[in-house]
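Let me begin by presenting the structure, written as structure tokens, before commenting on it.
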Amino acid sequence: MSSLTEKDRPIVQLLLNTGTCPRCILRFCCVGSQVLYRHPHQDLMKDLQEFLKNNQEKEDTVCLDVVDPPCKRIRLEHPEEGPDELNHNGAIPQIPSVDGGNAAMESSAVKVCNVCLGILQEFCEADFVKKVCQKVNSADYQFTSFVFSVSLPPQLSVREHAAWLVVKQEMRNLGLSLAKDDIVQLKEAYKWIIHPQLSEELGVPADGKSLFEVSVVFAHPETDEECHFLATACPDCFKPAKNKQSVFTRMAVIKALEKIKEEDFLKHFPCPPSSPKNLCDALEIQCNNGAVFVAGRYNKYSRNLPQTPWIIDGERKLESSVEELISEHLMAESKADSFNFSSSGREDVDVRTLGNGRPFAIELVNPRRIHFTAEEMKRLQQAINDSSDKIQVRDLQLVTREAIGRMKEGEEEKTKTYSALIWTDKAIQREDIAFLDDIKELKLDQKTPLRVLHRRPLAVRCRVIHTMKSEYIDEHHFRLHLKTQAGTYIKEFVHGDFGRTKPNIGSLLNRTADILELDVESVDVDWPPTL
């Protein structure tokens with residue numbers, strides 16, 4: 001085993017004695033060769049045995065009359081003389097060396113690793129890799145690469161800390177040192193082993209930037225409570241969080257291990273850690289594809305269709321909505337788990353959106369299908385348009401997450417054009433409304449409308465009516481075309497909302513005015529690109 005040197009011999013010997021697997025031993029010896037970790041477990045064990053044997057033979061030729069030290073197996077068979085004494089006295093016991101590698105091999109070969117709890121043993125084998133790949137393939141995702149993530153039980157950090165303290169003491173006795181950061185991380189070593197196997201089985205490369213994630217969640221119920229003493233020693237590190245089932249998260253445990261004094265740790269946890277009876281459990285094998293974003297513009301021709309589902313106190317008021325009519329087809333084609341709809345502003349249920357339509361975007365969450373050609377997007381757009389006469393979509397296309405920001409930026413900055421049918425209580429003539437055409441850049445103070453006060457904070461918003469053009473119909477009706485700042489409440493500008501919008505059409509005409517119909521004629525956001 002060319003990656004190991006003479007200074008590694010005491011670490012190898014020590015960890016084998018205490019029930020540590022070959023790959024964890026390589027980690028503690030700071031071996032950075034990825035290929036070495038991929039060697040079969042049995043081969044690594046034989047290599048370590050040979051390494052110890054060769055070095056022992058060299059020592060024997062130099063000093064033949066050295067008396068063999070007591071075997072570690074005796075120590076393991078009488079635990080009452082070891083770890084208990086350690087825990088109460090707060091000191092690491094002196095672990096005797098073994099006579100060559102054989103005794104160490106015999107005592108640890110069949111055990112579950114006392115550090116990784118079997119992660120670098122059973123779960124690196126071909127059978128487990130095939131199990132993961134079967135899960136991936138059965139989920140029917142489209143992907144051209146993958147990123148692999150693993151969630152480890154937090155108590156692994158505690159066990160690694162305990163093993164490090166033992167090794168550190170041994171190294172100190174030899175006049176050497178071992179920084180905790182120098183140990184190869186368990187996750188890193190596991191990925192070195194598992195990535196090539198997954199890549200070969202799935203037929204695509206591993207890529208840290210891939211949007212397709214394969215994740216495995218491990219648990220080890222047998223040792224779940226091993227973290228609990230840290231909550232007493234470092235209570236500030238463990239605070240409840242709404243989205244966490246337990247306060248003993250990996251990060252909280254690592255933070256506590258950095259904070260706890262060495263002597264306090266030794267009083268509560270056995271060093272070296274004891275060998276468990278059982279392997280870890282692979283609780284979950286999950287797949288997740290990065291979101292796909294679809295954008296376009298929609299026209300709404302119905303005065304009885306909300307933009308989003310209209311549900312009050314759990315009761316649906318109308319059978320459909322703009323977002324549902326569009327997303328239904330996108331969800332079916334992409335086989336996504338869910339979706340998020342957003343748009344450049346919104347219209348009321350009784351307001352039509354005409355002209356070139358309103359920009360919208362839909363985030364498809366965890367889609368199975370992610371690749372769509374331009375021709376397929378055209379067919380999808382046509383299917384949406386054929387499904388209902390209440391809406392139409394145009395310029396349907398795939399976009400990036402970043403591009404959606406352009407739609408949101410324009411939401412408050414751009415202008416919008418409206419057409420309003422207005423009624424007045426007193427009779428009007430053409431000349432009574434003609435002056436409206438001459439008003440430019442009219443500034444409004446709009447207090448949050450009563451109709452939206454239940455979902456918007458109370459505030460006074462300054463808005464601008466850039467231009468108006470009146471169109472006389474009869475003594476009590478006229479149409480008003482307005483170009484306004486985005487975010488202007490048009491209905492309230494007409495009727496005044498009991499004086500909450502000033503000035504308003506009623507106050508300007510000196511009579512009561514109300515709005516009968518409202519249409520959005522244009523949303524001046526230059527996005528998404530016209531196809």
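Ligands are numbered from 1 in the order shown, chains are lettered A, B, ... in the order of the structure tokens, and residues start at 1 in each chain.
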Contacts of Phe265 of chain A at 10 Å (only C-alpha atoms; same-chain gap of 4+ positions) as a JSON list (two decimals) with N, CA, C and O atoms, in the first residue's frame:
[["chain", "number", "residue", "atom", "x", "y", "z"],
["A", 87, "ASN", "N", -14.21, 7.36, 30.81],
["A", 87, "ASN", "CA", -15.29, 8.32, 30.89],
["A", 87, "ASN", "C", -15.29, 9.07, 32.20],
["A", 87, "ASN", "O", -15.60, 10.25, 32.26],
["A", 90, "GLY", "N", -11.83, 11.21, 32.45],
["A", 90, "GLY", "CA", -11.59, 12.22, 31.42],
["A", 90, "GLY", "C", -10.24, 12.10, 30.77],
["A", 90, "GLY", "O", -9.63, 13.10, 30.42],
["A", 91, "ALA", "N", -9.72, 10.89, 30.61],
["A", 91, "ALA", "CA", -8.43, 10.70, 29.97],
["A", 91, "ALA", "C", -8.53, 9.55, 28.98],
["A", 91, "ALA", "O", -9.29, 8.62, 29.17],
["A", 158, "VAL", "N", -19.89, 12.72, 15.94],
["A", 158, "VAL", "CA", -19.46, 12.47, 17.31],
["A", 158, "VAL", "C", -18.46, 11.32, 17.34],
["A", 158, "VAL", "O", -17.40, 11.39, 17.99],
["A", 161, "HIS", "N", -15.14, 12.34, 15.91],
["A", 161, "HIS", "CA", -14.43, 13.18, 16.87],
["A", 161, "HIS", "C", -13.75, 12.32, 17.93],
["A", 161, "HIS", "O", -12.59, 12.57, 18.30],
["A", 162, "ALA", "N", -14.47, 11.30, 18.40],
["A", 162, "ALA", "CA", -13.91, 10.42, 19.43],
["A", 162, "ALA", "C", -12.69, 9.66, 18.88],
["A", 162, "ALA", "O", -11.67, 9.53, 19.56],
["A", 165, "LEU", "N", -9.68, 11.95, 18.63],
["A", 165, "LEU", "CA", -9.01, 12.21, 19.92],
["A", 165, "LEU", "C", -8.05, 11.07, 20.28],
["A", 165, "LEU", "O", -6.95, 11.31, 20.78],
["A", 229, "PHE", "N", -25.83, 14.07, 24.82],
["A", 229, "PHE", "CA", -25.04, 14.68, 25.89],
["A", 229, "PHE", "C", -24.54, 16.06, 25.49],
["A", 229, "PHE", "O", -24.26, 16.92, 26.34],
["A", 230, "LEU", "N", -24.43, 16.30, 24.17],
["A", 230, "LEU", "CA", -23.94, 17.61, 23.70],
["A", 230, "LEU", "C", -24.93, 18.72, 24.01],
["A", 230, "LEU", "O", -24.53, 19.88, 24.21],
["A", 233, "ALA", "N", -24.06, 19.83, 27.45],
["A", 233, "ALA", "CA", -22.76, 20.50, 27.50],
["A", 233, "ALA", "C", -22.75, 21.82, 26.74],
["A", 233, "ALA", "O", -22.10, 22.78, 27.16],
["A", 257, "LEU", "N", -19.34, 20.24, 18.82],
["A", 257, "LEU", "CA", -18.04, 19.55, 18.93],
["A", 257, "LEU", "C", -16.88, 20.53, 18.86],
["A", 257, "LEU", "O", -15.83, 20.31, 19.46],
["A", 260, "ILE", "N", -17.14, 22.22, 22.62],
["A", 260, "ILE", "CA", -16.99, 21.45, 23.86],
["A", 260, "ILE", "C", -15.50, 21.24, 24.19],
["A", 260, "ILE", "O", -14.67, 21.03, 23.31],
["A", 261, "LYS", "N", -15.19, 21.29, 25.45],
["A", 261, "LYS", "CA", -13.81, 21.04, 25.89],
["A", 261, "LYS", "C", -13.51, 19.55, 25.79],
["A", 261, "LYS", "O", -14.37, 18.71, 25.99],
["A", 269, "PHE", "N", -18.34, 10.35, 26.47],
["A", 269, "PHE", "CA", -18.37, 9.50, 25.29],
["A", 269, "PHE", "C", -17.14, 8.61, 25.25],
["A", 269, "PHE", "O", -16.02, 9.08, 25.49],
["A", 270, "PRO", "N", -17.31, 7.31, 24.93],
["A", 270, "PRO", "CA", -16.18, 6.39, 24.93],
["A", 270, "PRO", "C", -15.19, 6.70, 23.80],
["A", 270, "PRO", "O", -15.58, 6.92, 22.66],
["A", 271, "CYS", "N", -13.92, 6.72, 24.15],
["A", 271, "CYS", "CA", -12.86, 6.92, 23.16],
["A", 271, "CYS", "C", -11.86, 5.77, 23.31],
["A", 271, "CYS", "O", -11.20, 5.68, 24.34]]
Expected answer as JSON, numbers by chain: alpha helix (DSSP H) residues in segment 129-164 of chain A
{"A": [129, 130, 131, 132, 133, 134, 135, 136, 137, 138, 155, 156, 157, 158, 159, 160, 161, 162, 163, 164]}
For the residues selected in the previous step, produce a file with N, CA and C atoms as a PDB file, in the first residue's frame.
ATOM      1  N   VAL A 129     -25.343  -0.080  -5.086  1.00  0.00           N
ATOM      2  CA  VAL A 129     -25.321   0.822  -6.247  1.00  0.00           C
ATOM      3  C   VAL A 129     -26.441   0.446  -7.223  1.00  0.00           C
ATOM      4  N   LYS A 130     -26.640  -0.835  -7.449  1.00  0.00           N
ATOM      5  CA  LYS A 130     -27.715  -1.284  -8.348  1.00  0.00           C
ATOM      6  C   LYS A 130     -29.084  -0.922  -7.785  1.00  0.00           C
ATOM      7  N   LYS A 131     -29.221  -1.011  -6.478  1.00  0.00           N
ATOM      8  CA  LYS A 131     -30.482  -0.643  -5.838  1.00  0.00           C
ATOM      9  C   LYS A 131     -30.794   0.836  -6.077  1.00  0.00           C
ATOM     10  N   VAL A 132     -29.775   1.678  -5.946  1.00  0.00           N
ATOM     11  CA  VAL A 132     -29.948   3.120  -6.187  1.00  0.00           C
ATOM     12  C   VAL A 132     -30.335   3.361  -7.646  1.00  0.00           C
ATOM     13  N   CYS A 133     -29.634   2.701  -8.557  1.00  0.00           N
ATOM     14  CA  CYS A 133     -29.882   2.911  -9.987  1.00  0.00           C
ATOM     15  C   CYS A 133     -31.247   2.393 -10.411  1.00  0.00           C
ATOM     16  N   GLN A 134     -31.702   1.326  -9.798  1.00  0.00           N
ATOM     17  CA  GLN A 134     -33.044   0.817 -10.083  1.00  0.00           C
ATOM     18  C   GLN A 134     -34.099   1.846  -9.679  1.00  0.00           C
ATOM     19  N   LYS A 135     -33.868   2.498  -8.547  1.00  0.00           N
ATOM     20  CA  LYS A 135     -34.779   3.549  -8.087  1.00  0.00           C
ATOM     21  C   LYS A 135     -34.795   4.712  -9.074  1.00  0.00           C
ATOM     22  N   VAL A 136     -33.609   5.102  -9.542  1.00  0.00           N
ATOM     23  CA  VAL A 136     -33.496   6.215 -10.492  1.00  0.00           C
ATOM     24  C   VAL A 136     -34.205   5.867 -11.799  1.00  0.00           C
ATOM     25  N   ASN A 137     -33.927   4.702 -12.326  1.00  0.00           N
ATOM     26  CA  ASN A 137     -34.491   4.318 -13.622  1.00  0.00           C
ATOM     27  C   ASN A 137     -36.009   4.144 -13.561  1.00  0.00           C
ATOM     28  N   SER A 138     -36.502   3.646 -12.444  1.00  0.00           N
ATOM     29  CA  SER A 138     -37.946   3.439 -12.316  1.00  0.00           C
ATOM     30  C   SER A 138     -38.704   4.757 -12.199  1.00  0.00           C
ATOM     31  N   GLN A 155     -24.724  11.563  14.505  1.00  0.00           N
ATOM     32  CA  GLN A 155     -23.836  10.924  15.475  1.00  0.00           C
ATOM     33  C   GLN A 155     -22.528  10.451  14.847  1.00  0.00           C
ATOM     34  N   LEU A 156     -22.470  10.373  13.515  1.00  0.00           N
ATOM     35  CA  LEU A 156     -21.202  10.024  12.868  1.00  0.00           C
ATOM     36  C   LEU A 156     -20.135  11.068  13.172  1.00  0.00           C
ATOM     37  N   SER A 157     -20.549  12.315  13.280  1.00  0.00           N
ATOM     38  CA  SER A 157     -19.588  13.379  13.615  1.00  0.00           C
ATOM     39  C   SER A 157     -19.041  13.188  15.022  1.00  0.00           C
ATOM     40  N   VAL A 158     -19.894  12.720  15.936  1.00  0.00           N
ATOM     41  CA  VAL A 158     -19.458  12.472  17.312  1.00  0.00           C
ATOM     42  C   VAL A 158     -18.457  11.317  17.336  1.00  0.00           C
ATOM     43  N   ARG A 159     -18.745  10.255  16.610  1.00  0.00           N
ATOM     44  CA  ARG A 159     -17.854   9.094  16.586  1.00  0.00           C
ATOM     45  C   ARG A 159     -16.517   9.440  15.919  1.00  0.00           C
ATOM     46  N   GLU A 160     -16.565  10.219  14.880  1.00  0.00           N
ATOM     47  CA  GLU A 160     -15.322  10.620  14.224  1.00  0.00           C
ATOM     48  C   GLU A 160     -14.478  11.482  15.155  1.00  0.00           C
ATOM     49  N   HIS A 161     -15.143  12.343  15.909  1.00  0.00           N
ATOM     50  CA  HIS A 161     -14.432  13.183  16.873  1.00  0.00           C
ATOM     51  C   HIS A 161     -13.745  12.323  17.931  1.00  0.00           C
ATOM     52  N   ALA A 162     -14.471  11.301  18.405  1.00  0.00           N
ATOM     53  CA  ALA A 162     -13.905  10.417  19.429  1.00  0.00           C
ATOM     54  C   ALA A 162     -12.694   9.661  18.883  1.00  0.00           C
ATOM     55  N   ALA A 163     -12.808   9.146  17.653  1.00  0.00           N
ATOM     56  CA  ALA A 163     -11.687   8.428  17.052  1.00  0.00           C
ATOM     57  C   ALA A 163     -10.503   9.349  16.826  1.00  0.00           C
ATOM     58  N   TRP A 164     -10.780  10.586  16.435  1.00  0.00           N
ATOM     59  CA  TRP A 164      -9.707  11.560  16.223  1.00  0.00           C
ATOM     60  C   TRP A 164      -8.946  11.846  17.522  1.00  0.00           C
TER      61      TRP A 164
END
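Ranking A:Gly118, A:Pro154, A:Gly296, A:Gly203 by their shortest atom-to-atom distance to Lys378 of chain A, with only C-alpha atoms included, puts A:Gly296 first.
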With only C-alpha atoms as the basis for distance, which of A:Glu402, A:Val167, A:Ala434, A:Ile362 is at the shortest distance from Lys180 of chain A?
A:Val167
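Reported to one decimal place, the separation of atom CA of Leu117 of chain A from atom CA of Thr18 of chain A is 13.1 Å.
For Arg303 of chain A, the residues within 12 Å (counting only C-alpha atoms, excluding itself and residues fewer than 5 positions away along the chain) are Leu318, Ser321, Val322, Glu347, Asp348, Val349, Asp350, Val351, Arg352, Thr353, Leu354, Lys390, Ile391, Leu516, Glu517, Leu518, Asp519 and Val520 of chain A.
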Within 12 Å of segment 236-241 of chain A: each segment 245-279 of chain A residue with its shortest pair, only C-alpha atoms, as a tab-separated table:
residue	atom	partner	partner_atom	distance
A:Gln245	CA	A:Ala241	CA	8.0
A:Ser246	CA	A:Pro240	CA	7.4
A:Val247	CA	A:Pro240	CA	5.4
A:Phe248	CA	A:Phe238	CA	6.7
A:Thr249	CA	A:Phe238	CA	8.3
A:Arg250	CA	A:Phe238	CA	10.6
A:Met251	CA	A:Cys237	CA	9.1
A:Ala252	CA	A:Cys237	CA	5.6
A:Val253	CA	A:Cys237	CA	7.6
A:Ile254	CA	A:Cys237	CA	9.2
A:Lys255	CA	A:Cys237	CA	6.5
A:Ala256	CA	A:Cys237	CA	5.8
A:Leu257	CA	A:Cys237	CA	9.6
A:Glu258	CA	A:Cys237	CA	10.3
A:Lys259	CA	A:Cys237	CA	8.9
A:Ile260	CA	A:Cys237	CA	10.4
Using backbone DSSP assignments, extract all strand (DSSP E or B) residues from segment 141-344 of chain A; output them as a PyMOL selection string.
chain A and resi 146-151+206+212-219+281-289+292-300+311-312+315-316+338-343
So the first atom is atom CA of Glu315 of chain A and the second is atom CA of Arg451 of chain A; what is the distance between them in Å, to one decimal place?
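Atom CA of Arg451 of chain A lies at a distance of 19.0 Å from atom CA of Glu315 of chain A.
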Using only C-alpha atoms, determine which residues lie at most 9 Å from Asn340 of chain A, disregarding the query and same-chain residues fewer than 4 positions distant; provide the list as number ranges by chain.
A: 361-365
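For Gly357 of chain A, the non-local neighbours within 6 Å, defined as residues at least 5 positions apart in the same chain or in other chains and counting only C-alpha atoms, are Arg297, Tyr298 and Asn299 of chain A.
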